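K.L.:
So here's coords.txt, just compact mmCIF, C-alpha atoms:
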# COMPACT_ATOMS: atom_id res chain seq x y z
CA MET A 162 -147.06 43.03 -186.16
CA ALA A 163 -150.51 41.56 -186.69
CA ALA A 164 -149.36 38.97 -189.20
CA GLN A 165 -146.44 37.76 -187.10
CA GLY A 166 -148.51 35.21 -185.24
CA SER A 167 -150.62 34.00 -188.15
CA SER A 168 -150.06 30.29 -188.55
CA ILE A 169 -151.05 30.32 -192.22
CA VAL A 170 -148.38 32.89 -193.06
CA GLU A 171 -145.82 31.08 -190.91
CA GLU A 172 -146.60 27.83 -192.73
CA MET A 173 -146.25 29.53 -196.11
CA ARG A 174 -142.87 30.92 -195.16
CA ASN A 175 -141.35 27.97 -193.37
CA ARG A 176 -142.85 24.77 -194.74
CA VAL A 177 -143.17 23.03 -198.07
CA ILE A 178 -146.50 21.19 -198.02
CA LEU A 179 -147.03 17.83 -199.68
CA GLY A 180 -150.67 17.86 -200.72
CA GLU A 181 -152.78 15.20 -202.33
CA PHE A 182 -152.44 16.60 -205.84
CA GLY A 183 -149.21 18.50 -205.66
CA VAL A 184 -146.57 20.27 -203.64
CA ARG A 185 -147.42 23.70 -202.25
CA ASN A 186 -145.25 26.64 -201.15
CA VAL A 187 -142.26 25.40 -203.07
CA HIS A 188 -140.55 28.74 -203.68
CA THR A 189 -138.79 31.01 -201.26
CA THR A 190 -141.03 34.01 -200.66
CA ASP A 191 -139.47 35.75 -197.65
CA PHE A 192 -138.27 38.82 -199.49
CA PRO A 193 -138.73 42.41 -198.27
CA GLY A 194 -142.17 43.76 -199.15
CA ASN A 195 -143.84 40.38 -199.55
CA TYR A 196 -145.27 40.01 -196.04
CA PRO A 197 -146.64 42.96 -194.09
CA GLY A 198 -145.33 42.95 -190.54
CA TYR A 199 -142.17 41.00 -191.35
CA ASP A 200 -138.76 42.52 -191.83
CA ASP A 201 -137.14 40.26 -194.39
CA THR A 202 -134.15 42.47 -195.08
CA TRP A 203 -130.89 40.54 -195.02
CA ASP A 204 -129.50 40.46 -191.51
CA GLN A 205 -126.12 38.80 -191.07
CA GLU A 206 -126.45 38.75 -187.28
CA LYS A 207 -129.81 36.97 -187.41
CA PHE A 208 -128.40 34.51 -189.93
CA GLU A 209 -125.38 33.74 -187.77
CA LYS A 210 -127.64 33.22 -184.75
CA ASN A 211 -129.88 30.70 -186.53
CA PHE A 212 -127.37 28.92 -188.74
CA ARG A 213 -126.26 25.48 -187.60
CA VAL A 214 -124.34 22.52 -188.97
CA ASP A 215 -124.79 19.10 -187.31
CA VAL A 216 -122.65 16.23 -188.50
CA VAL A 217 -124.74 13.07 -188.46
CA HIS A 218 -122.37 10.47 -189.78
CA MET A 219 -118.93 10.46 -191.32
CA THR A 220 -116.76 7.70 -192.73
CA GLU A 221 -113.65 7.73 -194.88
CA ASP A 222 -115.61 8.62 -198.01
CA THR A 223 -119.16 9.45 -196.98
CA LEU A 224 -120.54 12.34 -195.00
CA GLU A 225 -124.04 13.14 -193.88
CA PHE A 226 -124.75 16.41 -192.15
CA ASP A 227 -127.59 18.81 -191.49
CA MET A 228 -127.30 22.40 -192.61
CA ILE A 229 -129.97 24.46 -190.90
CA GLY A 230 -130.99 28.06 -191.42
CA ILE A 231 -129.94 28.73 -195.00
CA ASP A 232 -131.81 29.26 -198.25
CA ALA A 233 -132.11 26.74 -201.07
CA ALA A 234 -130.29 29.10 -203.45
CA ILE A 235 -127.10 28.91 -201.40
CA ALA A 236 -127.40 25.26 -200.33
CA ASN A 237 -127.92 24.36 -203.98
CA ALA A 238 -124.88 26.38 -204.98
CA PHE A 239 -122.76 24.23 -202.63
CA ARG A 240 -124.22 21.05 -204.08
CA ARG A 241 -123.65 22.18 -207.66
CA ILE A 242 -120.08 23.21 -206.89
CA LEU A 243 -119.36 19.83 -205.27
CA LEU A 244 -120.48 18.09 -208.45
CA ALA A 245 -118.97 20.34 -211.05
CA GLU A 246 -116.45 22.83 -209.75
CA VAL A 247 -114.18 21.25 -207.15
CA PRO A 248 -111.02 20.24 -209.04
CA THR A 249 -109.38 16.80 -209.10
CA MET A 250 -106.69 15.07 -211.13
CA ALA A 251 -107.69 12.66 -213.90
CA VAL A 252 -106.15 11.02 -216.94
CA GLU A 253 -106.42 13.46 -219.84
CA LYS A 254 -104.04 12.07 -222.46
CA VAL A 255 -103.23 8.45 -223.24
CA PHE A 256 -100.29 7.61 -225.47
CA VAL A 257 -100.88 4.17 -226.93
CA TYR A 258 -97.58 2.57 -227.95
CA ASN A 259 -99.10 -0.86 -228.34
CA ASN A 260 -102.57 -2.24 -227.86
CA THR A 261 -103.29 -5.68 -229.27
CA SER A 262 -106.21 -6.37 -226.93
CA ILE A 263 -109.77 -6.52 -228.26
CA ILE A 264 -110.68 -3.27 -226.52
CA GLN A 265 -110.25 -0.31 -228.88
CA ASP A 266 -107.82 2.50 -228.10
CA GLU A 267 -110.49 5.17 -227.66
CA ILE A 268 -112.65 3.01 -225.38
CA LEU A 269 -109.58 2.15 -223.33
CA ALA A 270 -108.61 5.81 -223.10
CA HIS A 271 -112.12 6.69 -221.91
CA ARG A 272 -112.02 3.96 -219.24
CA LEU A 273 -108.65 5.19 -218.01
CA GLY A 274 -109.99 8.73 -217.78
CA LEU A 275 -112.71 7.67 -215.37
CA ILE A 276 -110.32 6.07 -212.85
CA PRO A 277 -110.10 8.21 -209.68
CA ILE A 278 -106.49 9.19 -209.04
CA LYS A 279 -105.37 9.61 -205.43
CA ALA A 280 -103.50 12.89 -205.62
CA ASP A 281 -104.23 16.11 -203.76
CA PRO A 282 -105.36 18.55 -206.48
CA ARG A 283 -104.54 21.50 -204.23
CA LEU A 284 -100.84 20.76 -204.76
CA PHE A 285 -101.12 21.14 -208.54
CA GLU A 286 -101.83 23.89 -211.02
CA TYR A 287 -104.12 23.87 -214.05
CA LYS A 288 -102.25 23.12 -217.24
CA ASN A 289 -102.19 26.12 -219.56
CA GLN A 290 -103.94 25.75 -222.85
CA GLY A 291 -101.47 25.16 -225.65
CA ASP A 292 -98.78 23.78 -223.34
CA GLU A 293 -97.48 20.71 -225.12
CA GLU A 294 -95.13 19.36 -222.48
CA GLY A 295 -96.47 18.77 -218.99
CA THR A 296 -94.36 19.91 -216.05
CA GLU A 297 -93.98 18.62 -212.50
CA ILE A 298 -96.44 21.23 -211.24
CA ASP A 299 -99.35 20.38 -213.55
CA THR A 300 -98.97 16.81 -214.77
CA LEU A 301 -98.78 13.30 -213.34
CA GLN A 302 -97.50 10.45 -215.45
CA PHE A 303 -98.53 6.81 -215.26
CA GLN A 304 -97.35 3.83 -217.21
CA LEU A 305 -99.27 0.65 -217.98
CA LYS A 306 -97.23 -2.08 -219.57
CA ILE A 307 -98.55 -5.60 -219.39
CA LYS A 308 -98.56 -8.74 -221.49
CA CYS A 309 -100.69 -11.84 -221.14
CA THR A 310 -99.05 -15.26 -221.37
CA ARG A 311 -99.99 -18.89 -220.92
CA ASN A 312 -99.39 -20.29 -217.46
CA PRO A 313 -96.82 -23.06 -217.88
CA ARG A 314 -97.90 -24.59 -214.58
CA ALA A 315 -101.59 -24.89 -215.43
CA SER A 316 -103.02 -28.40 -215.31
CA LYS A 317 -103.71 -29.86 -218.74
CA ASP A 318 -107.46 -30.30 -218.62
CA SER A 319 -108.20 -27.01 -216.86
CA SER A 320 -110.64 -24.59 -218.50
CA ASP A 321 -110.38 -21.85 -215.90
CA PRO A 322 -108.84 -18.68 -217.40
CA ASN A 323 -107.50 -17.71 -213.98
CA GLU A 324 -105.40 -20.85 -214.02
CA LEU A 325 -104.63 -21.04 -217.73
CA TYR A 326 -103.29 -17.52 -218.26
CA LEU A 327 -101.03 -15.07 -216.50
CA ASN A 328 -101.91 -11.37 -216.44
CA HIS A 329 -105.17 -11.90 -218.27
CA ARG A 330 -106.95 -9.30 -216.17
CA VAL A 331 -105.53 -5.79 -216.18
CA TYR A 332 -106.31 -3.90 -212.97
CA THR A 333 -105.60 -0.37 -211.80
CA LYS A 334 -102.88 -1.85 -209.55
CA HIS A 335 -100.85 -2.46 -212.71
CA MET A 336 -100.64 1.27 -213.36
CA GLN A 337 -97.19 2.54 -212.41
CA TRP A 338 -96.62 6.10 -211.34
CA VAL A 339 -93.68 7.74 -213.14
CA PRO A 340 -92.51 10.82 -211.19
CA ILE A 341 -91.61 13.88 -213.26
CA GLY A 342 -88.96 16.39 -212.08
CA ASN A 343 -88.96 16.76 -208.29
CA GLN A 344 -92.21 14.82 -207.78
CA ALA A 345 -90.33 11.84 -206.36
CA ASP A 346 -89.07 14.04 -203.50
CA MET A 347 -92.35 15.90 -203.04
CA PHE A 348 -94.50 12.82 -202.67
CA PRO A 349 -93.40 9.86 -200.56
CA ASP A 350 -93.59 6.37 -202.01
CA SER A 351 -96.96 5.34 -203.40
CA ALA A 352 -98.65 8.62 -202.39
CA ILE A 353 -99.76 9.00 -206.00
CA ARG A 354 -101.83 6.05 -207.22
CA PRO A 355 -105.31 5.11 -208.35
CA VAL A 356 -107.74 5.25 -205.38
CA HIS A 357 -108.81 1.63 -205.88
CA GLU A 358 -106.38 -1.04 -206.91
CA ASP A 359 -108.98 -3.52 -208.14
CA ILE A 360 -110.76 -1.72 -210.97
CA LEU A 361 -110.77 -3.98 -214.03
CA ILE A 362 -109.42 -2.04 -217.02
CA ALA A 363 -109.23 -4.76 -219.70
CA GLN A 364 -109.07 -8.50 -220.24
CA LEU A 365 -106.32 -10.08 -222.34
CA ARG A 366 -105.57 -13.46 -223.90
CA PRO A 367 -102.10 -14.98 -224.47
CA GLY A 368 -100.02 -12.85 -226.82
CA GLN A 369 -102.09 -9.69 -226.33
CA GLU A 370 -100.43 -6.75 -224.68
CA LEU A 371 -100.91 -3.17 -223.56
CA ASP A 372 -98.19 -0.54 -223.56
CA LEU A 373 -99.55 2.86 -222.56
CA CYS A 374 -98.38 6.12 -221.09
CA MET A 375 -100.93 8.37 -219.38
CA HIS A 376 -100.84 12.05 -218.47
CA CYS A 377 -103.12 13.27 -215.66
CA VAL A 378 -104.03 16.93 -215.35
CA LYS A 379 -106.11 19.06 -213.00
CA GLY A 380 -109.64 19.84 -214.11
CA ILE A 381 -113.24 20.40 -212.99
CA GLY A 382 -116.44 18.40 -213.45
CA LYS A 383 -117.98 21.12 -215.62
CA ASP A 384 -115.41 20.30 -218.27
CA HIS A 385 -115.72 16.50 -217.99
CA ALA A 386 -117.48 14.28 -215.44
CA LYS A 387 -114.24 12.36 -214.85
CA PHE A 388 -112.99 15.35 -212.84
CA SER A 389 -115.98 15.29 -210.48
CA PRO A 390 -114.71 14.57 -206.94
CA VAL A 391 -117.96 13.02 -205.73
CA ALA A 392 -119.79 9.85 -206.60
CA THR A 393 -122.85 11.82 -205.61
CA ALA A 394 -123.68 14.89 -203.57
CA SER A 395 -127.29 15.61 -202.75
CA TYR A 396 -129.56 17.15 -200.18
CA ARG A 397 -133.14 16.66 -199.08
CA LEU A 398 -135.37 18.68 -196.83
CA LEU A 399 -136.20 17.34 -193.38
CA PRO A 400 -139.66 15.73 -193.52
CA GLU A 401 -142.23 16.77 -190.94
CA ILE A 402 -145.36 14.75 -190.20
CA SER A 403 -148.06 16.20 -187.98
CA LEU A 404 -151.05 14.28 -186.71
CA LEU A 405 -153.84 16.83 -186.54
CA GLN A 406 -156.03 14.63 -184.32
CA PRO A 407 -155.27 11.63 -182.12
CA ILE A 408 -155.31 8.45 -184.22
CA GLU A 409 -156.16 5.32 -182.23
CA GLY A 410 -156.86 1.62 -182.45
CA GLU A 411 -156.96 -0.15 -185.81
CA LEU A 412 -156.40 3.17 -187.60
CA ALA A 413 -153.15 3.73 -185.74
CA GLU A 414 -151.85 0.39 -186.95
CA LYS A 415 -152.95 1.21 -190.50
CA LEU A 416 -151.23 4.60 -190.35
CA ARG A 417 -148.00 2.95 -189.24
CA LYS A 418 -148.09 0.75 -192.31
CA CYS A 419 -148.50 3.78 -194.62
CA PHE A 420 -144.98 4.97 -193.81
CA SER A 421 -141.46 3.56 -193.90
CA PRO A 422 -140.55 1.41 -190.88
CA GLY A 423 -139.71 3.50 -187.81
CA VAL A 424 -141.54 6.66 -188.85
CA ILE A 425 -144.76 6.02 -186.93
CA GLU A 426 -144.89 4.20 -183.62
CA VAL A 427 -148.00 2.75 -182.01
CA GLN A 428 -147.90 3.32 -178.28
CA ASN A 429 -149.97 1.74 -175.58
CA LEU A 430 -151.58 4.40 -173.42
CA ASN A 431 -153.84 3.02 -170.66
CA GLY A 432 -154.90 0.12 -172.86
CA ARG A 433 -155.52 2.30 -175.94
CA ARG A 434 -153.25 2.07 -178.94
CA VAL A 435 -152.24 5.57 -180.06
CA ALA A 436 -150.17 6.52 -183.12
CA LYS A 437 -147.17 8.79 -182.59
CA VAL A 438 -144.59 10.22 -184.99
CA ALA A 439 -141.38 8.56 -183.83
CA ASN A 440 -138.80 9.65 -186.40
CA ALA A 441 -139.89 11.77 -189.35
CA ARG A 442 -136.32 11.79 -190.66
CA LEU A 443 -136.74 8.21 -191.90
CA ASP A 444 -139.73 9.21 -194.01
CA THR A 445 -139.24 8.92 -197.75
CA CYS A 446 -142.09 11.39 -198.32
CA THR A 447 -144.45 8.76 -199.54
CA ARG A 448 -147.97 10.08 -200.06
CA GLU A 449 -149.62 6.73 -199.37
CA ILE A 450 -151.93 8.33 -196.77
CA PHE A 451 -153.76 10.21 -199.51
CA ARG A 452 -154.96 6.88 -200.90
CA HIS A 453 -156.91 6.36 -197.69
CA GLU A 454 -159.95 8.59 -197.31
CA GLU A 455 -159.82 8.39 -193.50
CA PHE A 456 -156.32 9.88 -193.21
CA LYS A 457 -156.57 12.72 -195.71
CA ASN A 458 -157.64 15.31 -193.17
CA LEU A 459 -155.93 13.85 -190.13
CA VAL A 460 -152.30 14.05 -191.24
CA ARG A 461 -150.23 16.91 -192.58
CA LEU A 462 -147.13 16.07 -194.60
CA ALA A 463 -144.57 18.83 -194.88
CA ARG A 464 -140.87 19.57 -195.21
CA VAL A 465 -138.89 22.10 -193.23
CA ARG A 466 -137.81 24.69 -195.77
CA ASP A 467 -134.46 25.63 -194.27
CA HIS A 468 -133.31 22.25 -192.94
CA TYR A 469 -131.06 20.53 -195.46
CA ILE A 470 -129.87 16.97 -194.99
CA PHE A 471 -126.73 16.86 -197.09
CA SER A 472 -125.18 13.64 -198.24
CA VAL A 473 -121.73 13.73 -199.80
CA GLU A 474 -120.10 10.62 -201.19
CA SER A 475 -116.48 11.12 -202.23
CA THR A 476 -114.79 9.08 -204.95
CA GLY A 477 -111.91 8.69 -202.49
CA VAL A 478 -109.66 11.38 -203.95
CA LEU A 479 -110.18 13.66 -200.94
CA PRO A 480 -112.12 13.11 -197.68
CA PRO A 481 -115.74 14.35 -197.96
CA ASP A 482 -115.34 17.06 -195.30
CA VAL A 483 -112.41 18.54 -197.21
CA LEU A 484 -114.50 18.49 -200.40
CA MET A 485 -117.29 20.43 -198.70
CA SER A 486 -114.82 23.01 -197.36
CA GLU A 487 -113.32 23.35 -200.82
CA ALA A 488 -116.78 23.84 -202.33
CA ILE A 489 -117.52 26.70 -199.94
CA LYS A 490 -114.17 28.27 -200.80
CA VAL A 491 -114.96 28.02 -204.52
CA LEU A 492 -118.16 30.05 -204.04
CA MET A 493 -116.21 32.62 -202.03
CA SER A 494 -113.59 32.96 -204.73
CA LYS A 495 -116.31 33.53 -207.33
CA CYS A 496 -117.62 36.47 -205.28
CA GLN A 497 -114.09 37.73 -204.73
CA ARG A 498 -113.38 37.64 -208.45
CA PHE A 499 -116.36 39.78 -209.36
CA LEU A 500 -115.73 42.22 -206.51
CA GLU A 501 -112.18 42.75 -207.71
CA GLU A 502 -113.43 43.33 -211.22
CA LEU A 503 -115.95 45.88 -209.98
CA ASP A 504 -113.21 47.74 -208.15
CA LEU A 505 -111.05 47.72 -211.27
CA SER A 506 -113.82 49.01 -213.53
CA GLN A 507 -114.75 51.77 -211.10
CA MET A 508 -111.19 53.02 -210.89
CA GLU A 509 -111.20 53.68 -214.62
CA MET B 1096 -115.40 38.82 -216.35
CA SER B 1097 -118.36 41.07 -215.78
CA LEU B 1098 -119.68 43.67 -218.10
CA LYS B 1099 -122.29 46.32 -217.31
CA VAL B 1100 -124.86 46.93 -220.02
CA GLN B 1101 -126.97 50.07 -219.87
CA ALA B 1102 -129.99 50.33 -222.15
CA ASN B 1103 -130.45 53.53 -224.14
CA GLY B 1104 -132.47 56.22 -222.39
CA THR B 1105 -132.20 54.74 -218.90
CA ASP B 1106 -130.31 56.05 -215.91
CA GLU B 1107 -127.94 53.98 -213.84
CA THR B 1108 -130.67 52.60 -211.59
CA CYS B 1109 -131.29 49.83 -214.14
CA ALA B 1110 -128.47 47.71 -215.41
CA THR B 1111 -127.73 44.26 -216.77
CA PHE B 1112 -124.48 42.62 -215.76
CA VAL B 1113 -123.13 40.00 -218.09
CA LEU B 1114 -121.26 37.41 -216.02
CA LEU B 1115 -119.08 35.21 -218.18
CA ASN B 1116 -118.52 31.56 -217.31
CA GLU B 1117 -121.22 31.55 -214.65
CA ASP B 1118 -124.52 29.67 -214.31
CA HIS B 1119 -127.26 28.97 -211.74
CA THR B 1120 -124.59 28.25 -209.12
CA LEU B 1121 -123.63 31.88 -208.65
CA GLY B 1122 -126.68 33.37 -210.42
CA ASN B 1123 -129.34 32.02 -208.10
CA ALA B 1124 -127.35 32.44 -204.89
CA LEU B 1125 -126.53 36.05 -205.77
CA ARG B 1126 -130.12 36.76 -206.87
CA TYR B 1127 -131.33 35.59 -203.46
CA MET B 1128 -128.91 37.86 -201.61
CA ILE B 1129 -129.77 40.89 -203.76
CA MET B 1130 -133.54 40.30 -203.52
CA LYS B 1131 -133.09 40.48 -199.74
CA ASN B 1132 -132.18 44.16 -200.20
CA PRO B 1133 -135.29 46.38 -199.78
CA GLU B 1134 -133.85 49.03 -202.09
CA VAL B 1135 -133.99 46.62 -205.01
CA GLU B 1136 -137.16 46.70 -207.08
CA PHE B 1137 -136.26 43.85 -209.39
CA CYS B 1138 -133.50 41.29 -209.60
CA GLY B 1139 -133.36 38.34 -211.95
CA TYR B 1140 -131.04 36.49 -214.26
CA SER B 1141 -131.24 34.41 -217.40
CA ILE B 1142 -128.98 32.01 -219.19
CA THR B 1143 -128.87 33.35 -222.71
CA HIS B 1144 -128.36 30.04 -224.48
CA PRO B 1145 -127.39 26.57 -223.24
CA SER B 1146 -124.22 26.57 -225.33
CA GLU B 1147 -123.10 30.01 -224.20
CA SER B 1148 -121.59 29.94 -220.74
CA LYS B 1149 -122.71 33.34 -219.51
CA ILE B 1150 -125.64 34.85 -217.65
CA ASN B 1151 -127.44 38.16 -217.95
CA PHE B 1152 -127.95 39.49 -214.46
CA ARG B 1153 -130.55 42.25 -214.22
CA ILE B 1154 -130.94 44.73 -211.36
CA GLN B 1155 -133.42 47.62 -211.03
CA THR B 1156 -133.43 49.79 -207.94
CA ARG B 1157 -135.74 52.20 -206.14
CA GLY B 1158 -134.99 55.76 -205.15
CA GLY B 1159 -132.23 56.58 -207.60
CA LEU B 1160 -129.66 54.18 -206.17
CA PRO B 1161 -127.12 53.09 -208.82
CA ALA B 1162 -127.63 49.39 -209.67
CA VAL B 1163 -123.95 48.69 -209.04
CA GLU B 1164 -124.41 49.28 -205.32
CA PRO B 1165 -126.77 46.37 -204.55
CA PHE B 1166 -124.67 44.21 -206.89
CA ARG B 1167 -121.56 44.93 -204.89
CA ARG B 1168 -123.39 44.57 -201.59
CA GLY B 1169 -124.88 41.23 -202.67
CA LEU B 1170 -121.46 39.86 -203.54
CA THR B 1171 -120.00 41.05 -200.23
CA GLU B 1172 -122.88 39.60 -198.22
CA LEU B 1173 -122.73 36.30 -200.08
CA MET B 1174 -119.05 36.11 -199.24
CA ASP B 1175 -119.74 36.81 -195.55
CA VAL B 1176 -122.38 34.06 -195.57
CA CYS B 1177 -119.90 31.62 -197.09
CA GLN B 1178 -117.26 32.57 -194.53
CA HIS B 1179 -119.68 31.90 -191.69
CA VAL B 1180 -120.84 28.61 -193.24
CA LEU B 1181 -117.22 27.54 -193.66
CA ASN B 1182 -116.31 28.38 -190.05
CA THR B 1183 -119.40 26.67 -188.66
CA PHE B 1184 -118.91 23.62 -190.86
CA GLU B 1185 -115.28 23.18 -189.90
CA THR B 1186 -116.04 23.60 -186.20
CA SER B 1187 -118.79 20.96 -186.41
CA ILE B 1188 -116.53 18.53 -188.26
CA LYS B 1189 -113.80 19.02 -185.68
CA GLU B 1190 -116.25 18.45 -182.82
CA TYR B 1191 -117.52 15.31 -184.49
CA LYS B 1192 -114.00 13.96 -184.98
CA ASP B 1193 -113.04 14.72 -181.37
CA ARG B 1194 -116.18 13.03 -180.11
CA LYS B 1195 -115.46 9.92 -182.18
CA GLU B 1196 -111.90 9.83 -180.92
CA ASN B 1197 -113.04 10.02 -177.32
CA GLU B 1198 -115.48 7.18 -177.90
CA MET B 1199 -112.66 5.04 -179.28
CA GLU B 1200 -110.55 5.45 -176.15
As structure tokens - that is how I would like this structure written.
P.N.:
Amino acid sequence: MAAQGSSIVEEMRNRVILGEFGVRNVHTTDFPGNYPGYDDTWDQEKFEKNFRVDVVHMTEDTLEFDMIGIDAAIANAFRRILLAEVPTMAVEKVFVYNNTSIIQDEILAHRLGLIPIKADPRLFEYKNQGDEEGTEIDTLQFQLKIKCTRNPRASKDSSDPNELYLNHRVYTKHMQWVPIGNQADMFPDSAIRPVHEDILIAQLRPGQELDLCMHCVKGIGKDHAKFSPVATASYRLLPEISLLQPIEGELAEKLRKCFSPGVIEVQNLNGRRVAKVANARLDTCTREIFRHEEFKNLVRLARVRDHYIFSVESTGVLPPDVLMSEAIKVLMSKCQRFLEELDLSQME
Amino acid sequence: MSLKVQANGTDETCATFVLLNEDHTLGNALRYMIMKNPEVEFCGYSITHPSESKINFRIQTRGGLPAVEPFRRGLTELMDVCQHVLNTFETSIKEYKDRKENEME
């Protein structure tokens, strides 16, 4: 167990170092056989002891939490699944009965596809390939029928389109949900609708009209980005700043200015001004200090390898905590699928 | 769908698994879990071509262990990890919500 206490080895295993000319110790290296004196064999008990999730902040559609004690490979799998493999409902087919606006059918169809639809995808099934007709279990129908006219009550010398015309802006609130089969009983009034009612779809002028029917289906972001349930989902490693020697006086003030506000604090200790790391979390990992010769060897910039600060921003289709739970379940079902296949192939 | 490919003239300690419709998401996570197994000499994966949605997942073992074993164990362990992450995550979310509710009152 000679190596166990070595700080160099510990640093290599647990920290990503931001150096002057590059980032060091980027890759995970704690595999069995790599470090003498360490037992890096997978240990579920040890993992469960160290693993932690701390929720930092949650609103209706954003979530920030810390996931501590896990490897990048798995944290990244969750992030990738959030972006591309958690299903949602989105407009897939648009039937254009009439479109006399200046926006072309295909552009309009694309815009409609990107509108987030408030409908719980867990209550629906994927539509089978080749199925022509949608059913109540796999399809949602919307109708958009609107015509722009002159406003008879507009004042004569007005030049404001808002006053001159009626219905000249088409918003998502004009989309009407048309229940199929038993959907009207399954979902209470207005449960199925676009998430936002004020997304501008098109602009019209008097005489122009839209008459469309839309079919929404269940899908995943891998197939088309419109199915992605998140506006963004990302993680970053927790920054760690260590002052290797006390930094005082003018230098302390200068060091404070090298970082984002709030990262470094200058304290007054018995009349001396001393720099202290107040909140490394606010650091944006700027490497400004390396531009100043005097700081190069006084400060160590690093990131904690197994501390992930996740940020999930939902499009509003599902709450962000539900999305995260769904993402974890997706990874589990992938494992399950292959295990079942293994069992099948070994029975043969 | 997974398919085991065995090269000519090798025993079952080396195998390539072809995982259809998978990418780095499962590939890298599973590679990590399997590399954590001391009986595995080599584990790696490659995406054959950007327009083919499949990965070749390679495992070579020490001491005559069939390559299927660490593959199966890796999948099981990854699932246990996910289960624990899910439980911990949901507990934390619940605690956070309860705390917020108490603050409101």
K.L.:
Pick out the chain A residues within 9 Å of chain B. Count only C-alpha atoms. Give them as a ChimeraX atom specification.
P.N.:
/A:191-194,201-205,208-209,212-219,228,232-242,482,485-486,489-490,492-500,502-503
K.L.:
Between CA of Ser168 in chain A and CA of Leu404 in chain A, measure the distance and give it in Å to one decimal.
P.N.:
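CA of Leu404 in chain A lies 16.1 Å from CA of Ser168 in chain A.
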K.L.:
Given all atoms listed in the file as the basis, pick out the residue of B:Val1113, B:Thr1156, B:Glu1164, B:Asn1103 nearest to Ser1141 in chain B.
P.N.:
B:Val1113
K.L.:
Suppose you want the space between CA of Arg330 in chain A and CA of Ser316 in chain A; what is it in Å?
P.N.:
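These two atoms are separated by 19.5 Å.
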K.L.:
Write out as a list of chain:residue names each polymer residue whose atoms come within 8 Å of range 359-371 of chain A, counting only C-alpha atoms; drop sequence neighbours fewer than 6 positions from it.
P.N.:
A:Tyr258, A:Asn259, A:Asn260, A:Thr261, A:Ser262, A:Ile263, A:Ile264, A:Leu269, A:Arg272, A:Leu273, A:Leu305, A:Lys306, A:Ile307, A:Lys308, A:Cys309, A:Thr310, A:Arg311, A:Tyr326, A:Asn328, A:His329, A:Arg330, A:Val331, A:Tyr332, A:Thr333, A:Lys334
K.L.:
Write out as a PyMOL selection string the residues lying within 6 Å of Gly477 in chain A, counting all atoms listed in the file and excluding same-chain residues fewer than 2 positions away.
P.N.:
chain A and resi 222+475+479
K.L.:
For the atom pair CA of Leu373 in chain A and CA of Ala251 in chain A, what is the interatomic distance in Å to one decimal place?
P.N.:
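Interatomic distance, CA of Leu373 in chain A to CA of Ala251 in chain A: 15.4 Å.
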K.L.:
Name the closest residue to Val247 in chain A among the candidates A:Pro282, A:Pro340, A:Gly183, A:Gly198; distances are taken between atoms, counting all atoms listed in the file.
P.N.:
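For Val247 in chain A, the nearest of the candidates is A:Pro282.
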K.L.:
Calculated over all atoms listed in the file, which of the candidates A:Val339, A:Ile178, A:Val187, A:Leu430 has the smallest distance to Cys374 in chain A?
P.N.:
A:Val339
K.L.:
Can you pull out every residue within 6 Å of range 468-470 of chain A, counting all atoms listed in the file, but drop anything in the same chain fewer than 3 positions away, and send it as a list in words?
P.N.:
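The filter keeps Phe226, Asp227, Met228, Ile229, Tyr396, Arg397, Leu398, Leu399 and Val465 of chain A.
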K.L.:
Rank B:Glu1196, B:Phe1137, B:Asn1116, B:Pro1165 by their smallest atom-to-atom distance to Lys1149 in chain B, using all atoms listed in the file, and report the top residue only.
P.N.:
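Checking each of B:Glu1196, B:Phe1137, B:Asn1116, B:Pro1165 against Lys1149 in chain B, counting all atoms listed in the file, the winner is B:Asn1116.
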K.L.:
Using all atoms listed in the file, find the one residue out of B:Thr1111, B:Ala1102, B:Arg1194, B:Cys1138 that sits nearest to Arg1157 in chain B.
P.N.:
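With all atoms listed in the file as the atom set, the closest residue is B:Cys1138.
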K.L.:
Which residues are close to Leu325 in chain A, i.e. within 9 Å by all atoms listed in the file, leaving aside same-chain residues fewer than 5 positions away? Reply as a VMD selection string.
P.N.:
chain A and resid 310 to 317 319 to 320
K.L.:
Quick one: everything within 12 Å of range 344-352 of chain A, counting all atoms listed in the file, minus sequence neighbours fewer than 6 positions away in the same chain. Send it as a list in words.
P.N.:
Ile278, Lys279, Ala280, Asp281, Leu284, Phe285, Thr296, Glu297, Ile298, Asp299, Thr300, Leu301, Gln302, Lys334, Met336, Gln337, Trp338, Glu358 and Val478 of chain A
K.L.:
Quick one: range 205-209 of chain A with N, CA and C atoms, as a short mmCIF file (atom, residue, chain, number, x, y, z; two decimals), keeping the file's coordinate frame?
P.N.:
data_model
loop_
_atom_site.label_atom_id
_atom_site.label_comp_id
_atom_site.auth_asym_id
_atom_site.auth_seq_id
_atom_site.Cartn_x
_atom_site.Cartn_y
_atom_site.Cartn_z
N GLN A 205 -127.20 39.77 -191.29
CA GLN A 205 -126.12 38.80 -191.07
C GLN A 205 -126.15 38.26 -189.64
N GLU A 206 -126.46 39.15 -188.69
CA GLU A 206 -126.45 38.75 -187.28
C GLU A 206 -127.50 37.67 -187.02
N LYS A 207 -128.70 37.91 -187.59
CA LYS A 207 -129.81 36.97 -187.41
C LYS A 207 -129.44 35.63 -188.06
N PHE A 208 -128.82 35.73 -189.23
CA PHE A 208 -128.40 34.51 -189.93
C PHE A 208 -127.41 33.72 -189.08
N GLU A 209 -126.42 34.43 -188.54
CA GLU A 209 -125.38 33.74 -187.77
C GLU A 209 -125.95 33.12 -186.50
#
